[in-house]
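Student: See input.txt below, with compact mmCIF, C-alpha atoms.
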# COMPACT_ATOMS: atom_id res chain seq x y z
CA MET T 1 0.00 0.00 0.00
CA GLN T 2 1.48 3.31 -1.10
CA PHE T 3 -0.86 5.59 0.87
CA ASP T 4 -1.04 6.20 4.63
CA SER T 5 -4.67 7.29 4.76
CA TRP T 6 -7.86 7.51 2.72
CA GLN T 7 -7.25 11.24 2.54
CA ALA T 8 -3.90 10.71 0.84
CA PHE T 9 -5.41 8.06 -1.46
CA ILE T 10 -8.15 10.46 -2.61
CA ASN T 11 -5.69 13.35 -2.91
CA MET T 12 -3.20 11.35 -5.08
CA GLY T 13 -0.33 13.71 -4.26
CA GLY T 14 -2.32 16.69 -5.54
CA TYR T 15 -3.30 14.96 -8.81
CA GLY T 16 -6.53 13.49 -7.38
CA ILE T 17 -8.87 15.34 -9.73
CA TYR T 18 -6.93 14.16 -12.81
CA VAL T 19 -6.50 10.53 -11.77
CA TRP T 20 -10.02 10.01 -10.47
CA SER T 21 -11.75 11.81 -13.35
CA SER T 22 -9.95 9.67 -15.93
CA PHE T 23 -10.85 6.47 -14.08
CA ALA T 24 -14.45 7.65 -13.61
CA GLY T 25 -14.70 8.60 -17.30
CA THR T 26 -13.44 5.16 -18.36
CA PHE T 27 -15.93 3.37 -16.11
CA LEU T 28 -18.76 5.61 -17.30
CA CYS T 29 -18.02 5.02 -21.01
CA LEU T 30 -17.71 1.24 -20.71
CA GLY T 31 -20.71 1.10 -18.38
CA LEU T 32 -22.83 2.97 -20.91
CA LEU T 33 -21.79 0.50 -23.63
CA ALA T 34 -22.83 -2.43 -21.44
CA LEU T 35 -26.12 -0.73 -20.54
CA GLU T 36 -26.87 -0.01 -24.19
CA ALA T 37 -26.28 -3.65 -25.12
CA THR T 38 -28.58 -5.02 -22.41
CA TRP T 39 -31.21 -2.37 -23.11
CA ARG T 40 -31.16 -3.21 -26.84
CA ARG T 41 -31.62 -6.88 -26.00
CA SER T 42 -34.64 -6.19 -23.79
CA ILE T 43 -36.24 -4.12 -26.56
CA LEU T 44 -35.72 -7.01 -29.01
CA VAL T 45 -37.33 -9.47 -26.61
CA ARG T 46 -40.29 -7.14 -26.07
CA GLU T 47 -40.82 -6.64 -29.81
CA ALA T 48 -40.55 -10.35 -30.53
CA THR T 49 -43.09 -11.14 -27.83
CA LYS T 50 -45.46 -8.54 -29.22
CA GLN T 51 -45.13 -9.82 -32.75
CA ALA T 52 -45.57 -13.44 -31.75
CA ALA T 53 -48.72 -12.46 -29.84
CA ARG T 54 -50.00 -10.65 -32.94
CA ALA T 55 -49.31 -13.68 -35.13
CA GLU T 56 -51.17 -15.82 -32.64
CA ARG T 57 -54.17 -13.45 -32.68
CA ILE T 58 -54.29 -13.49 -36.47
CA LEU T 59 -54.10 -17.26 -36.65
CA ARG T 60 -56.81 -17.64 -34.03
CA ALA T 61 -59.10 -15.21 -35.88
CA ARG T 62 -58.48 -17.06 -39.13
CA ALA T 63 -59.30 -20.40 -37.51
CA ALA T 64 -62.50 -18.95 -36.00
CA LYS T 65 -63.54 -17.59 -39.40
CA LYS T 66 -62.93 -20.94 -41.04
CA GLN T 67 -65.02 -22.68 -38.40
CA ALA T 68 -67.84 -20.18 -38.83
CA ALA T 69 -67.79 -20.71 -42.62
CA ARG T 70 -67.94 -24.47 -42.17
CA LYS T 71 -71.00 -24.17 -39.88
CA ASN T 72 -72.85 -22.08 -42.46
CA MET F 73 -8.20 -27.49 -42.26
CA TRP F 74 -10.78 -24.72 -41.98
CA ARG F 75 -13.75 -27.11 -42.06
CA TRP F 76 -14.53 -26.60 -38.37
CA LEU F 77 -15.12 -22.92 -39.11
CA HIS F 78 -17.82 -23.46 -41.72
CA PRO F 79 -20.84 -24.00 -39.42
CA TYR F 80 -20.24 -20.55 -37.89
CA ALA F 81 -21.22 -18.85 -41.14
CA LYS F 82 -24.71 -19.72 -39.93
CA PRO F 83 -25.80 -16.88 -37.63
CA GLU F 84 -27.49 -19.17 -35.14
CA ALA F 85 -24.29 -21.21 -34.63
CA THR F 86 -22.30 -18.04 -33.95
CA PHE F 87 -25.07 -16.78 -31.68
CA ALA F 88 -25.01 -19.96 -29.59
CA LEU F 89 -21.20 -19.89 -29.37
CA ASN F 90 -21.17 -16.21 -28.35
CA GLN F 91 -23.83 -16.84 -25.74
CA LYS F 92 -21.56 -19.48 -24.22
CA LEU F 93 -18.42 -17.30 -24.48
CA ILE F 94 -19.79 -14.05 -23.02
CA PRO F 95 -19.61 -15.09 -19.33
CA TRP F 96 -16.09 -16.49 -19.90
CA PHE F 97 -14.97 -13.05 -21.03
CA ALA F 98 -17.12 -10.87 -18.80
CA ILE F 99 -16.54 -12.48 -15.39
CA PRO F 100 -12.71 -12.82 -15.52
CA GLY F 101 -12.66 -9.40 -17.21
CA LEU F 102 -14.53 -7.70 -14.37
CA VAL F 103 -12.44 -9.48 -11.74
CA LEU F 104 -9.20 -8.42 -13.46
CA VAL F 105 -10.47 -4.84 -13.88
CA ILE F 106 -10.92 -4.61 -10.10
CA VAL F 107 -7.58 -6.34 -9.42
CA SER F 108 -5.60 -4.18 -11.84
CA PHE F 109 -7.20 -0.88 -10.81
CA VAL F 110 -6.74 -1.50 -7.08
CA TRP F 111 -3.18 -2.69 -7.77
CA GLY F 112 -2.42 0.25 -10.02
CA LEU F 113 -4.07 2.91 -7.87
CA ALA F 114 -3.06 1.78 -4.39
CA PHE F 115 -0.13 -0.65 -4.52
CA ALA F 116 2.07 0.31 -7.50
CA PRO F 117 4.85 2.72 -6.49
CA PRO F 118 4.62 6.39 -7.56
CA ASP F 119 6.66 7.55 -10.56
CA TYR F 120 9.89 9.35 -9.70
CA GLN F 121 9.12 12.17 -12.15
CA GLN F 122 5.33 12.26 -12.48
CA GLY F 123 4.43 11.32 -8.91
CA GLU F 124 0.92 9.89 -8.53
CA SER F 125 -0.40 11.38 -11.77
CA TYR F 126 1.12 8.56 -13.82
CA ARG F 127 -1.56 6.20 -12.47
CA ILE F 128 -3.72 7.35 -15.40
CA ILE F 129 -1.53 4.94 -17.40
CA PHE F 130 -3.66 2.02 -16.13
CA VAL F 131 -6.65 3.22 -18.17
CA HIS F 132 -4.86 5.22 -20.87
CA VAL F 133 -2.53 2.54 -22.27
CA PRO F 134 -5.05 -0.36 -22.33
CA SER F 135 -7.71 1.76 -24.02
CA ALA F 136 -5.28 3.17 -26.61
CA MET F 137 -3.86 -0.28 -27.30
CA TRP F 138 -7.21 -1.99 -27.80
CA ALA F 139 -8.56 0.95 -29.78
CA MET F 140 -5.94 -0.05 -32.35
CA GLY F 141 -6.33 -3.80 -31.77
CA PHE F 142 -10.10 -3.73 -32.26
CA TYR F 143 -9.64 -1.66 -35.39
CA VAL F 144 -7.48 -4.41 -36.88
CA GLY F 145 -10.11 -6.93 -35.82
CA MET F 146 -12.80 -4.87 -37.53
CA ALA F 147 -10.72 -4.66 -40.71
CA ILE F 148 -10.26 -8.47 -40.69
CA ALA F 149 -14.05 -8.81 -40.38
CA GLY F 150 -14.25 -6.40 -43.34
CA VAL F 151 -11.96 -8.62 -45.45
CA ILE F 152 -14.06 -11.69 -44.58
CA ALA F 153 -17.26 -9.78 -45.40
CA LEU F 154 -15.89 -8.65 -48.78
CA VAL F 155 -14.19 -11.88 -49.87
CA TRP F 156 -16.54 -14.55 -48.54
CA GLN F 157 -19.69 -12.42 -48.25
CA ILE F 158 -20.43 -13.79 -44.81
CA ARG F 159 -23.29 -11.94 -43.18
CA THR F 160 -22.04 -12.47 -39.63
CA ALA F 161 -18.73 -10.79 -40.53
CA GLU F 162 -20.66 -7.74 -41.75
CA LEU F 163 -22.52 -7.66 -38.46
CA ALA F 164 -19.21 -7.99 -36.60
CA ILE F 165 -18.12 -4.65 -38.09
CA LEU F 166 -21.27 -3.11 -36.67
CA ALA F 167 -20.58 -4.77 -33.31
CA ILE F 168 -16.91 -3.75 -33.06
CA ALA F 169 -17.01 -0.15 -34.37
CA PRO F 170 -18.82 1.53 -31.44
CA VAL F 171 -16.72 -0.34 -28.85
CA GLY F 172 -13.54 0.71 -30.68
CA ALA F 173 -14.77 4.28 -30.98
CA VAL F 174 -15.45 4.40 -27.24
CA LEU F 175 -11.97 2.98 -26.52
CA THR F 176 -10.41 5.62 -28.78
CA PHE F 177 -12.44 8.29 -27.04
CA ILE F 178 -11.29 7.02 -23.62
CA SER F 179 -7.66 7.12 -24.73
CA LEU F 180 -8.01 10.70 -26.00
CA PHE F 181 -9.99 11.79 -22.94
CA THR F 182 -7.61 10.28 -20.37
CA GLY F 183 -4.67 11.52 -22.46
CA ALA F 184 -5.99 15.07 -22.31
CA ILE F 185 -6.49 14.79 -18.55
CA TRP F 186 -2.94 13.43 -18.23
CA GLY F 187 -1.56 16.11 -20.54
CA GLN F 188 -2.91 19.01 -18.50
CA PRO F 189 -0.73 18.48 -15.37
CA MET F 190 2.28 16.99 -17.22
CA TRP F 191 2.54 19.04 -20.44
CA GLY F 192 0.54 22.05 -19.29
CA THR F 193 -2.02 21.61 -22.08
CA TRP F 194 -5.09 19.49 -22.76
CA TRP F 195 -4.30 19.08 -26.44
CA VAL F 196 -1.48 19.64 -28.93
CA TRP F 197 -1.42 18.79 -32.63
CA ASP F 198 1.27 16.25 -31.94
CA ALA F 199 1.72 13.33 -34.38
CA ARG F 200 0.56 10.64 -31.94
CA LEU F 201 -2.47 12.60 -30.75
CA THR F 202 -3.52 13.61 -34.26
CA ALA F 203 -3.19 10.05 -35.58
CA GLN F 204 -5.32 8.78 -32.68
CA LEU F 205 -7.94 11.44 -33.43
CA ILE F 206 -7.99 10.21 -37.05
CA LEU F 207 -8.60 6.70 -35.68
CA LEU F 208 -11.68 8.05 -33.88
CA PHE F 209 -12.91 9.62 -37.13
CA LEU F 210 -12.28 6.35 -38.98
CA TYR F 211 -14.43 4.48 -36.47
CA LEU F 212 -17.17 7.10 -36.75
CA GLY F 213 -16.84 7.03 -40.56
CA VAL F 214 -17.26 3.24 -40.65
CA MET F 215 -20.36 3.50 -38.44
CA ALA F 216 -21.86 6.30 -40.54
CA LEU F 217 -21.08 4.64 -43.88
CA TYR F 218 -22.64 1.38 -42.72
CA VAL F 219 -26.05 2.98 -42.23
CA ALA F 220 -25.80 5.52 -45.10
CA PHE F 221 -27.26 3.21 -47.76
CA GLU F 222 -30.81 2.15 -48.47
CA ASP F 223 -29.54 -1.41 -48.88
CA GLU F 224 -27.87 -2.51 -45.67
CA ARG F 225 -25.50 -4.94 -47.39
CA ALA F 226 -24.25 -2.20 -49.71
CA GLY F 227 -23.52 -0.14 -46.62
CA ALA F 228 -21.68 -3.07 -45.07
CA LYS F 229 -19.52 -3.37 -48.18
CA ALA F 230 -18.65 0.33 -48.20
CA ALA F 231 -17.87 0.24 -44.47
CA SER F 232 -15.66 -2.83 -44.99
CA ILE F 233 -13.62 -1.00 -47.63
CA LEU F 234 -13.18 2.05 -45.39
CA ALA F 235 -12.19 -0.20 -42.47
CA ILE F 236 -9.57 -1.98 -44.61
CA VAL F 237 -8.13 1.23 -46.07
CA GLY F 238 -8.00 2.78 -42.61
CA VAL F 239 -5.62 0.08 -41.34
CA ILE F 240 -2.80 2.21 -42.77
CA ASN F 241 -3.37 4.48 -39.77
CA ILE F 242 -2.47 1.76 -37.25
CA PRO F 243 1.30 1.58 -37.96
CA ILE F 244 1.29 5.38 -38.27
CA ILE F 245 -0.10 5.65 -34.73
CA HIS F 246 2.34 3.10 -33.40
CA TYR F 247 5.49 4.50 -35.05
CA SER F 248 4.47 8.18 -34.80
CA VAL F 249 6.52 8.56 -31.61
CA TYR F 250 9.62 7.30 -33.45
CA TRP F 251 9.11 8.93 -36.86
CA TRP F 252 8.34 12.39 -35.56
CA ASN F 253 9.74 14.35 -32.69
CA THR F 254 6.61 14.26 -30.58
CA LEU F 255 5.60 15.55 -27.19
CA HIS F 256 4.02 12.16 -26.52
CA GLN F 257 6.44 9.78 -24.84
CA LYS F 258 7.73 6.65 -26.55
CA SER F 259 6.03 3.31 -26.04
CA THR F 260 6.49 1.66 -22.68
CA VAL F 261 5.34 -1.90 -23.26
CA THR F 262 5.13 -2.74 -26.96
CA ARG F 263 8.70 -1.67 -27.67
CA ALA F 264 9.71 -4.97 -26.09
CA ILE F 265 7.98 -6.64 -29.07
CA THR F 266 8.50 -4.17 -31.90
CA ARG F 267 12.00 -2.89 -31.04
CA LEU F 268 13.35 -5.83 -29.04
CA GLU F 269 14.20 -3.48 -26.20
CA ALA F 270 13.61 -4.10 -22.53
CA PRO F 271 10.43 -2.36 -21.26
CA SER F 272 11.39 1.02 -19.81
CA ILE F 273 9.23 0.51 -16.75
CA ALA F 274 9.81 -1.02 -13.33
CA PRO F 275 8.26 -4.48 -12.90
CA GLU F 276 6.17 -3.18 -9.97
CA MET F 277 4.41 -0.92 -12.48
CA LEU F 278 4.62 -3.24 -15.49
CA TRP F 279 2.68 -6.11 -13.91
CA PRO F 280 -0.45 -4.13 -12.96
CA LEU F 281 -0.25 -2.51 -16.40
CA LEU F 282 -0.19 -5.89 -18.15
CA VAL F 283 -3.12 -7.08 -16.01
CA SER F 284 -5.09 -3.92 -16.86
CA ILE F 285 -4.38 -4.49 -20.58
CA LEU F 286 -5.72 -8.06 -20.31
CA ALA F 287 -8.72 -6.88 -18.27
CA MET F 288 -9.64 -4.23 -20.85
CA LEU F 289 -9.40 -6.83 -23.65
CA LEU F 290 -11.69 -9.29 -21.85
CA VAL F 291 -14.30 -6.68 -20.91
CA CYS F 292 -14.39 -5.17 -24.41
CA ALA F 293 -14.48 -8.59 -26.06
CA ALA F 294 -17.54 -9.40 -23.93
CA LEU F 295 -19.13 -6.11 -25.01
CA VAL F 296 -18.43 -6.87 -28.69
CA LEU F 297 -19.96 -10.35 -28.37
CA MET F 298 -23.06 -8.93 -26.64
CA ARG F 299 -23.45 -6.36 -29.41
CA LEU F 300 -22.86 -8.97 -32.14
CA ASN F 301 -25.56 -11.21 -30.66
CA ASN F 302 -27.95 -8.26 -30.55
CA GLU F 303 -27.29 -7.54 -34.22
CA ILE F 304 -27.77 -11.20 -35.17
CA LEU F 305 -30.96 -11.38 -33.13
CA ARG F 306 -32.33 -8.19 -34.66
CA ARG F 307 -32.11 -9.67 -38.16
CA GLU F 308 -33.22 -13.19 -37.23
CA ILE F 309 -35.96 -12.27 -34.79
CA HIS F 310 -38.69 -13.96 -36.85
CA ARG F 311 -36.80 -17.22 -37.20
CA PRO F 312 -37.99 -20.13 -35.06
CA TRP F 313 -34.54 -20.58 -33.45
CA ALA F 314 -34.52 -16.96 -32.27
CA LEU F 315 -38.01 -17.18 -30.77
CA GLN F 316 -37.09 -20.48 -29.19
CA HIS F 317 -33.99 -18.93 -27.68
CA LEU F 318 -36.00 -16.05 -26.27
CA GLY F 319 -38.45 -18.55 -24.79
CA ILE F 320 -41.38 -17.34 -26.91
CA SER F 321 -43.80 -20.03 -28.04
CA PHE F 322 -47.53 -19.96 -28.56
CA ALA F 323 -49.92 -22.84 -28.49
CA THR F 324 -51.98 -21.89 -31.52
CA THR F 325 -49.02 -21.06 -33.74
CA ASP F 326 -47.51 -24.40 -32.84
CA GLY F 327 -50.85 -26.09 -33.45
CA GLU F 328 -51.25 -24.44 -36.85
CA GLN F 329 -47.74 -25.41 -37.87
CA SER F 330 -48.08 -29.02 -36.78
CA GLY F 331 -51.46 -29.12 -38.53
CA LYS F 332 -49.85 -27.96 -41.74
CA GLN F 333 -47.14 -30.55 -41.38
CA GLU F 334 -49.74 -33.26 -40.90
CA ASN F 335 -51.50 -32.12 -44.06
CA LYS F 336 -48.24 -32.31 -45.97
CA LYS F 337 -47.64 -35.76 -44.62
CA ASP F 338 -51.06 -36.84 -45.80
CA GLN F 339 -50.42 -35.50 -49.26
CA LYS F 340 -47.00 -37.04 -49.63
CA GLY F 341 -47.96 -40.26 -47.97
CA GLY F 342 -46.01 -39.54 -44.75
CA ALA F 343 -42.63 -39.40 -46.47
CA ASP F 344 -42.07 -35.77 -45.60
CA ALA F 345 -39.10 -35.22 -43.33
CA VAL F 346 -39.54 -32.21 -41.05
In structure tokens, how does this file's structure come out?
Tutor:
Amino acid sequence: MQFDSWQAFINMGGYGIYVWSSFAGTFLCLGLLALEATWRRSILVREATKQAARAERILRARAAKKQAARKN
Amino acid sequence: MWRWLHPYAKPEATFALNQKLIPWFAIPGLVLVIVSFVWGLAFAPPDYQQGESYRIIFVHVPSAMWAMGFYVGMAIAGVIALVWQIRTAELAILAIAPVGAVLTFISLFTGAIWGQPMWGTWWVWDARLTAQLILLFLYLGVMALYVAFEDERAGAKAASILAIVGVINIPIIHYSVYWWNTLHQKSTVTRAITRLEAPSIAPEMLWPLLVSILAMLLVCAALVLMRLNNEILRREIHRPWALQHLGISFATTDGEQSGKQENKKDQKGGADAV
């Protein structure tokens, strides 16, 4: 351990603002990339579910129509 | 020799492989990120000239290195997309470019923050810095060109060509500190490989740096694979395998399909293979 106290660790020999902002910026950028990827995936899942439900509705309606025509 | 590679031209094979690989990159990557940053920030000794400010190296060098590395990877995907017309390689360009652009941005951003206390300026039009800025524009150009066409595959082709041509910038970035008299310091790590010189850095600093380079690679590889799978999924979302993977199945759709198959079987006398 190179630092005697938390204070010294945060201060980084007077360069604290530079060191911590570059580390924070790196984490932020990579974190946003990861968030974007998971968010995109959840949108895809939602859309696919919606579309599958729509396809199901259409097929059910078609089947009902066919049955009605057969009865007549 | 390359037979084993052939099934992966099929998007769903690549998707399944990526899905398996992502945790193997992400988990060790995150662990090594924590290890290397704690090591670099708290345990590595201070620099005799730059004091504690040099600790920016543990994000600056890995991001700059992989900004170039991922560019080469993207260009290789471009060659595969142009020569063998493999769809997944085109999508790989789309998956890699934003990650590479972010890495390039991180290297420029942390470099500016490092430059302020050490050089007294955020930015100079130094050869290394300018070449790295061009790398950022190349990444952005590839991303823009990809989506600039009505036909997506035409865009992919144009982006592949730009990616391949842009590779010329990679050796320029690397050798800029030797070819020109730059403010940017000479390479610390890669000169051991490219110049056969001993690394000009104490082992107590070199080891956390090497770990941070590996950590950045693993994390960004996981991000690229996640993005690639999203791109594959977006284009294959209507395929049965994609719906099956997402756990979406509906009774009536299944019933209709199996009904159709039964009809076919009746017509062909049951010889139809599903």
Student: Give as a list in words every residue of chain F that touches chain T within 7 Å, counting only C-alpha atoms.
Tutor: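 In the required form, that comes to Ala114, Phe115, Pro117, Glu124, Ser125, Arg127, Ile128, Val131, Val174, Ile178, Thr182, Ile185, Trp186, Leu295, Met298, Arg299, Asn302, Arg306, Ile309, Leu318, Ile320, Phe322, Thr324 and Thr325 of chain F.
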Student: Using atom CA of Ser135 of chain F and atom CA of Ser179 of chain F as the two end points, give the distance in Å to one decimal.
Tutor: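 So the two atoms, atom CA of Ser135 of chain F and atom CA of Ser179 of chain F, lie 5.4 Å apart.
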Student: Could you tell me how far atom CA of Met140 of chain F lies from atom CA of Pro83 of chain F, in Å and to one decimal?
Tutor: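 Separating atom CA of Met140 of chain F from atom CA of Pro83 of chain F is a distance of 26.6 Å.
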Student: I'd like the interatomic distance between atom CA of Ile129 of chain F and atom CA of Leu281 of chain F, to a tenth of an Å.
Tutor: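 Spanning atom CA of Ile129 of chain F to atom CA of Leu281 of chain F is a straight-line distance of 7.6 Å.
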Student: For Arg159 of chain F, which residue out of F:Ser272, F:Ile240, F:Ala228, F:Ile206 is the nearest one, using only C-alpha atoms?
Tutor: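 The answer is F:Ala228, which sits nearest to Arg159 of chain F.
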Student: Could you write segment 18-28 of chain T as a PDB file, in the coordinates of the input, with all heavy atoms rebuilt where they are missing?
Tutor:
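File result14.pdb, as written:
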ATOM      1  N   TYR T  18      -7.304  14.716 -11.499  1.00  0.00           N
ATOM      2  CA  TYR T  18      -6.930  14.160 -12.810  1.00  0.00           C
ATOM      3  C   TYR T  18      -7.063  12.638 -12.820  1.00  0.00           C
ATOM      4  O   TYR T  18      -7.673  12.056 -13.728  1.00  0.00           O
ATOM      5  CB  TYR T  18      -5.502  14.561 -13.167  1.00  0.00           C
ATOM      6  CG  TYR T  18      -5.287  16.048 -13.248  1.00  0.00           C
ATOM      7  CD1 TYR T  18      -4.579  16.737 -12.274  1.00  0.00           C
ATOM      8  CD2 TYR T  18      -5.831  16.785 -14.305  1.00  0.00           C
ATOM      9  CE1 TYR T  18      -4.394  18.109 -12.347  1.00  0.00           C
ATOM     10  CE2 TYR T  18      -5.650  18.152 -14.388  1.00  0.00           C
ATOM     11  CZ  TYR T  18      -4.935  18.818 -13.415  1.00  0.00           C
ATOM     12  OH  TYR T  18      -4.765  20.160 -13.491  1.00  0.00           O
ATOM     13  N   VAL T  19      -6.488  12.000 -11.805  1.00  0.00           N
ATOM     14  CA  VAL T  19      -6.500  10.530 -11.770  1.00  0.00           C
ATOM     15  C   VAL T  19      -7.923  10.012 -11.661  1.00  0.00           C
ATOM     16  O   VAL T  19      -8.355   9.157 -12.447  1.00  0.00           O
ATOM     17  CB  VAL T  19      -5.636  10.017 -10.602  1.00  0.00           C
ATOM     18  CG1 VAL T  19      -5.777   8.507 -10.447  1.00  0.00           C
ATOM     19  CG2 VAL T  19      -4.176  10.392 -10.803  1.00  0.00           C
ATOM     20  N   TRP T  20      -8.682  10.569 -10.705  1.00  0.00           N
ATOM     21  CA  TRP T  20     -10.020  10.010 -10.470  1.00  0.00           C
ATOM     22  C   TRP T  20     -10.976  10.330 -11.614  1.00  0.00           C
ATOM     23  O   TRP T  20     -11.830   9.514 -11.951  1.00  0.00           O
ATOM     24  CB  TRP T  20     -10.584  10.509  -9.131  1.00  0.00           C
ATOM     25  CG  TRP T  20      -9.817   9.918  -7.987  1.00  0.00           C
ATOM     26  CD1 TRP T  20      -9.005  10.582  -7.113  1.00  0.00           C
ATOM     27  CD2 TRP T  20      -9.741   8.532  -7.628  1.00  0.00           C
ATOM     28  NE1 TRP T  20      -8.436   9.705  -6.234  1.00  0.00           N
ATOM     29  CE2 TRP T  20      -8.866   8.440  -6.527  1.00  0.00           C
ATOM     30  CE3 TRP T  20     -10.319   7.372  -8.124  1.00  0.00           C
ATOM     31  CZ2 TRP T  20      -8.546   7.231  -5.913  1.00  0.00           C
ATOM     32  CZ3 TRP T  20     -10.014   6.168  -7.507  1.00  0.00           C
ATOM     33  CH2 TRP T  20      -9.144   6.105  -6.428  1.00  0.00           C
ATOM     34  N   SER T  21     -10.842  11.502 -12.234  1.00  0.00           N
ATOM     35  CA  SER T  21     -11.750  11.810 -13.350  1.00  0.00           C
ATOM     36  C   SER T  21     -11.472  10.909 -14.540  1.00  0.00           C
ATOM     37  O   SER T  21     -12.393  10.491 -15.242  1.00  0.00           O
ATOM     38  CB  SER T  21     -11.671  13.281 -13.738  1.00  0.00           C
ATOM     39  OG  SER T  21     -10.381  13.589 -14.195  1.00  0.00           O
ATOM     40  N   SER T  22     -10.201  10.556 -14.795  1.00  0.00           N
ATOM     41  CA  SER T  22      -9.950   9.670 -15.930  1.00  0.00           C
ATOM     42  C   SER T  22     -10.451   8.256 -15.651  1.00  0.00           C
ATOM     43  O   SER T  22     -10.996   7.608 -16.551  1.00  0.00           O
ATOM     44  CB  SER T  22      -8.471   9.667 -16.326  1.00  0.00           C
ATOM     45  OG  SER T  22      -7.666   9.474 -15.219  1.00  0.00           O
ATOM     46  N   PHE T  23     -10.311   7.798 -14.401  1.00  0.00           N
ATOM     47  CA  PHE T  23     -10.850   6.470 -14.080  1.00  0.00           C
ATOM     48  C   PHE T  23     -12.386   6.488 -14.131  1.00  0.00           C
ATOM     49  O   PHE T  23     -13.007   5.565 -14.670  1.00  0.00           O
ATOM     50  CB  PHE T  23     -10.361   6.006 -12.699  1.00  0.00           C
ATOM     51  CG  PHE T  23      -9.031   5.316 -12.755  1.00  0.00           C
ATOM     52  CD1 PHE T  23      -7.862   6.053 -12.880  1.00  0.00           C
ATOM     53  CD2 PHE T  23      -8.942   3.932 -12.720  1.00  0.00           C
ATOM     54  CE1 PHE T  23      -6.625   5.424 -12.953  1.00  0.00           C
ATOM     55  CE2 PHE T  23      -7.709   3.297 -12.798  1.00  0.00           C
ATOM     56  CZ  PHE T  23      -6.550   4.042 -12.903  1.00  0.00           C
ATOM     57  N   ALA T  24     -12.985   7.556 -13.603  1.00  0.00           N
ATOM     58  CA  ALA T  24     -14.450   7.650 -13.610  1.00  0.00           C
ATOM     59  C   ALA T  24     -14.964   7.711 -15.047  1.00  0.00           C
ATOM     60  O   ALA T  24     -15.956   7.057 -15.390  1.00  0.00           O
ATOM     61  CB  ALA T  24     -14.898   8.880 -12.831  1.00  0.00           C
ATOM     62  N   GLY T  25     -14.285   8.493 -15.894  1.00  0.00           N
ATOM     63  CA  GLY T  25     -14.700   8.600 -17.300  1.00  0.00           C
ATOM     64  C   GLY T  25     -14.648   7.261 -18.003  1.00  0.00           C
ATOM     65  O   GLY T  25     -15.554   6.899 -18.755  1.00  0.00           O
ATOM     66  N   THR T  26     -13.583   6.486 -17.733  1.00  0.00           N
ATOM     67  CA  THR T  26     -13.440   5.160 -18.360  1.00  0.00           C
ATOM     68  C   THR T  26     -14.583   4.247 -17.926  1.00  0.00           C
ATOM     69  O   THR T  26     -15.218   3.599 -18.769  1.00  0.00           O
ATOM     70  CB  THR T  26     -12.095   4.544 -17.958  1.00  0.00           C
ATOM     71  OG1 THR T  26     -11.067   5.460 -18.296  1.00  0.00           O
ATOM     72  CG2 THR T  26     -11.868   3.226 -18.653  1.00  0.00           C
ATOM     73  N   PHE T  27     -14.846   4.213 -16.609  1.00  0.00           N
ATOM     74  CA  PHE T  27     -15.930   3.370 -16.110  1.00  0.00           C
ATOM     75  C   PHE T  27     -17.275   3.783 -16.703  1.00  0.00           C
ATOM     76  O   PHE T  27     -18.079   2.945 -17.103  1.00  0.00           O
ATOM     77  CB  PHE T  27     -16.003   3.436 -14.580  1.00  0.00           C
ATOM     78  CG  PHE T  27     -15.191   2.377 -13.915  1.00  0.00           C
ATOM     79  CD1 PHE T  27     -14.011   2.692 -13.268  1.00  0.00           C
ATOM     80  CD2 PHE T  27     -15.594   1.053 -13.959  1.00  0.00           C
ATOM     81  CE1 PHE T  27     -13.252   1.703 -12.666  1.00  0.00           C
ATOM     82  CE2 PHE T  27     -14.835   0.064 -13.358  1.00  0.00           C
ATOM     83  CZ  PHE T  27     -13.656   0.399 -12.709  1.00  0.00           C
ATOM     84  N   LEU T  28     -17.502   5.092 -16.768  1.00  0.00           N
ATOM     85  CA  LEU T  28     -18.760   5.610 -17.300  1.00  0.00           C
ATOM     86  C   LEU T  28     -18.965   5.165 -18.747  1.00  0.00           C
ATOM     87  O   LEU T  28     -20.021   4.646 -19.118  1.00  0.00           O
ATOM     88  CB  LEU T  28     -18.775   7.134 -17.187  1.00  0.00           C
ATOM     89  CG  LEU T  28     -20.087   7.808 -17.536  1.00  0.00           C
ATOM     90  CD1 LEU T  28     -21.123   7.552 -16.460  1.00  0.00           C
ATOM     91  CD2 LEU T  28     -19.886   9.308 -17.722  1.00  0.00           C
TER      92      LEU T  28
END
